[in-house]
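K.L.:
Shown below is the structure under consideration.
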Amino acid sequence: MKKIAVLTSGGDAPGMNAAIRAVVRYGIGMGLEVMGVERGLQGLIDDLFIPMNMRSVSDIIHRGGTILKTARCPEFKEEAGQQKAIKNLRARGVEGIIVIGGDGSFMGAKALTDRGFPSIGIPGTIDNDLAYTDYTLGFDTACNTILDAINKIRDTMSSHERVSIVEVMGRNCGDLALYTGLCGGAEVIVVPEHPLSVDQILENLTGGAANGKTSGIIVLAEGAGSADVLKKELTARSDLVFKSTRLGHVQRGGSPSCRDRYLGTCFGVRAVELLKQGIGNRIVGIKNHKFYDMDIVEGIAMKKEFDLELYQKAMIVGR
Ligand code: ADP
Ligand code: F6P
C-alpha cells in the first residue's frame, strides 16, 4: 500500500487529534502518502481530501475536538453513497482508510470493507460502548471533565443541604455514569443496564441520610432517563430538595488526558502498521493493557457487558 486516508466520524472525542497526528506522522515515516478527509464519511462522498504532511499535524496533540471535523452522514447508509465514496477514494489513488469513530462509524467502515475497500477502525467515542475494547478514545478525558463538574456541584450541594441529579452522556451505555459516580463519591448511580425505580433511588438516598448525610449526588446516565424528569418524580415523593444539572456537550470537549493521548497515539500507529502490511477489515483496541486488533465484523457483533460487580460496590461505598 502506498497511499492511505484518515477521517473522524460521529461524535467527536478528545484524543482524536492525537490519533490523526500518529497516523500522519507514522504513515509518512513508513513511506506512505497520507490524505486527510474532512467531515467524516460525508467528506468521502463530497471528495473533501487534503494532502497531509508532518507539519499538518503540528500543535494538535493537546487539543480537543478533531482538526478534520466530523459529521453524521445518513447518505452513507445507502449503497449509492458508499459507491460514490469508493469511486472518490480510488480516483485519488487511496488504497486503504482509517476510520476514527464509534460503532456507527464502524458500520460505515464495514460497508467499505464489504465493497472490497480495506478499512481499519480506531475506537473514538466518549461513550466507551464498544465491547471488543476495554477503553475508547475520549472516555478518560470525559470522565475527568465530569468529575470536575461533580466536585463543584458537591461543594454547593453540601453547603445548601440539597441533592443534585447530574445527567451524563453515554447513549445506551452506563460506563460514564458508573466510573464518574464511583470516583465522584455519588450516593446513587442510575444506569440503563440496571434500572432502579424511583423508590429504590430514594431508599439509597435516605439510607445515606440515616447515616448522617444531608446532601448528595445522583449520577444519572442519559440512557436511563432525564435529570429534569427524575427531579420532579423525587420531589413528589420526598422532603429533600433536589436540583438537576444536564452536563451536555462540555463532556465532549477539552484537552485530552495523558491516557487519551497515549491511546490515540498507539491506536494510530497500529492502524498504520496494519494497512502498511496490506491488512484491512480490522479494528484496533486495548484489552488487559495490551494493544491488539480483531476482525471488524466480529468486533461489531460483540455485545458490551456492563460491570455489574463494580456497580454494586460503587452503590455500597457511596452510601
Ligand atoms: P458513532 O460513530 O459515534 O457511533 P453515529 O452512530 O452517529 O456515530 O454514526 C456515524 C456515521 O456512521 C453515521 O452518520 C453514518 O454515516 C455511518 N453509519 C452508521 N450506521 C451505518 C450503517 N449501518 N451503514 C453504513 N454507515 C453507517
Ligand atoms: O456518542 C457520543 C455522544 O456524545 C453521546 O454520548 C450523546 O448521546 C450524543 O453523542 C450527542 O450527540 P449530539 O452531539 O449530536 O447531540
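A note on labels: chains of the C-alpha cells are A, B, ... as shown, every chain counts residues from 1, and ligands are counted from 1 in their shown order.
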With only C-alpha atoms as the counted atoms, please give the residues lying no more than 9 Å from Asn172 of chain A, apart from itself and same-chain residues fewer than 6 positions off, as a VMD selection string.
P.N.:
chain A and resid 127 129 191 to 193 221 to 224
K.L.:
Enumerate residues in contact with ligand 1: an atom-to-atom distance of at most 7 Å, counting only C-alpha atoms and all ligand atoms. Format the result as a PyMOL selection string.
P.N.:
chain A and resi 9-11+41-42+71-78+101-108+111+125
K.L.:
Restricting the calculation to only C-alpha atoms, which member of A:Thr265, A:Gln312, A:Thr235, A:Ser158 is positioned closest to Val284 of chain A?
P.N.:
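Ranked by minimum distance to Val284 of chain A, first place goes to A:Thr265.
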K.L.:
Between atom CA of Leu275 of chain A and atom CA of Pro118 of chain A, what is the spacing in Å?
P.N.:
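So the answer is 7.9 Å.
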K.L.:
Counting only C-alpha atoms and all ligand atoms, figure out which residue out of A:Glu167, A:Asp59, A:Glu95, A:Glu33 gets nearest to ligand 2.
P.N.:
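The shortest atom-to-atom distance to ligand 2 comes from A:Glu167.
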K.L.:
Name the residues in contact with His289 of chain A at a cut-off of 12 Å, using only C-alpha atoms, excluding same-chain residues fewer than 4 positions from it; report them as an MDAnalysis selection string.
P.N.:
chainID A and resid 133:135 259 262:263 266 285
K.L.:
Output all heavy atoms of each residue in that selection to a file, as a compact mmCIF listing (two decimals), in the first residue's frame.
P.N.:
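Once written, selection_17.txt looks like this:
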```txt
# COMPACT_ATOMS: atom_id res chain seq x y z
N THR A 133 -13.15 -3.58 23.10
CA THR A 133 -12.01 -2.85 23.66
C THR A 133 -12.33 -2.40 25.09
O THR A 133 -13.48 -2.04 25.38
CB THR A 133 -11.63 -1.64 22.76
OG1 THR A 133 -10.48 -0.98 23.29
CG2 THR A 133 -12.75 -0.62 22.63
N ASP A 134 -11.33 -2.44 25.98
CA ASP A 134 -11.59 -2.01 27.35
C ASP A 134 -11.87 -0.50 27.40
O ASP A 134 -12.66 -0.06 28.23
CB ASP A 134 -10.38 -2.34 28.25
CG ASP A 134 -10.28 -3.84 28.52
OD1 ASP A 134 -11.30 -4.54 28.32
OD2 ASP A 134 -9.20 -4.31 28.91
N TYR A 135 -11.19 0.24 26.54
CA TYR A 135 -11.36 1.71 26.55
C TYR A 135 -11.45 2.26 25.14
O TYR A 135 -10.75 1.81 24.24
CB TYR A 135 -10.19 2.39 27.28
CG TYR A 135 -10.17 2.03 28.74
CD1 TYR A 135 -9.25 1.12 29.24
CD2 TYR A 135 -11.11 2.57 29.62
CE1 TYR A 135 -9.26 0.75 30.57
CE2 TYR A 135 -11.13 2.20 30.95
CZ TYR A 135 -10.21 1.30 31.43
OH TYR A 135 -10.23 0.93 32.74
N ARG A 259 -3.86 9.72 29.27
CA ARG A 259 -4.27 8.39 28.80
C ARG A 259 -4.85 8.44 27.38
O ARG A 259 -4.56 7.59 26.54
CB ARG A 259 -5.30 7.82 29.77
CG ARG A 259 -5.68 6.43 29.42
CD ARG A 259 -6.33 5.63 30.51
NE ARG A 259 -6.51 4.30 30.01
CZ ARG A 259 -5.56 3.37 30.02
NH1 ARG A 259 -4.39 3.62 30.53
NH2 ARG A 259 -5.79 2.18 29.50
N TYR A 262 -2.15 8.89 24.87
CA TYR A 262 -1.41 7.63 24.75
C TYR A 262 -2.20 6.64 23.88
O TYR A 262 -1.68 6.05 22.93
CB TYR A 262 -1.18 7.07 26.16
CG TYR A 262 -0.77 5.63 26.26
CD1 TYR A 262 0.48 5.21 25.84
CD2 TYR A 262 -1.64 4.68 26.80
CE1 TYR A 262 0.85 3.88 25.95
CE2 TYR A 262 -1.27 3.35 26.91
CZ TYR A 262 -0.02 2.95 26.49
OH TYR A 262 0.34 1.64 26.60
N LEU A 263 -3.50 6.50 24.18
CA LEU A 263 -4.34 5.59 23.40
C LEU A 263 -4.40 6.04 21.94
O LEU A 263 -4.25 5.23 21.02
CB LEU A 263 -5.78 5.55 23.96
CG LEU A 263 -6.00 4.84 25.30
CD1 LEU A 263 -7.46 4.90 25.70
CD2 LEU A 263 -5.54 3.39 25.25
N CYS A 266 -1.08 5.23 20.18
CA CYS A 266 -0.83 3.79 19.95
C CYS A 266 -1.86 3.16 19.01
O CYS A 266 -1.52 2.30 18.18
CB CYS A 266 -0.79 3.05 21.29
SG CYS A 266 0.61 3.57 22.30
N GLY A 285 -7.83 -2.07 19.26
CA GLY A 285 -8.35 -1.85 20.61
C GLY A 285 -7.32 -2.14 21.65
O GLY A 285 -6.15 -2.44 21.33
```
K.L.:
Out of segment 81-318 of chain A, which residues get strand (DSSP E or B) from DSSP, as a PyMOL selection string?
P.N.:
chain A and resi 96-101+119-124+137+163-168+188-191+194+216-221+242-246+282-287+290-295
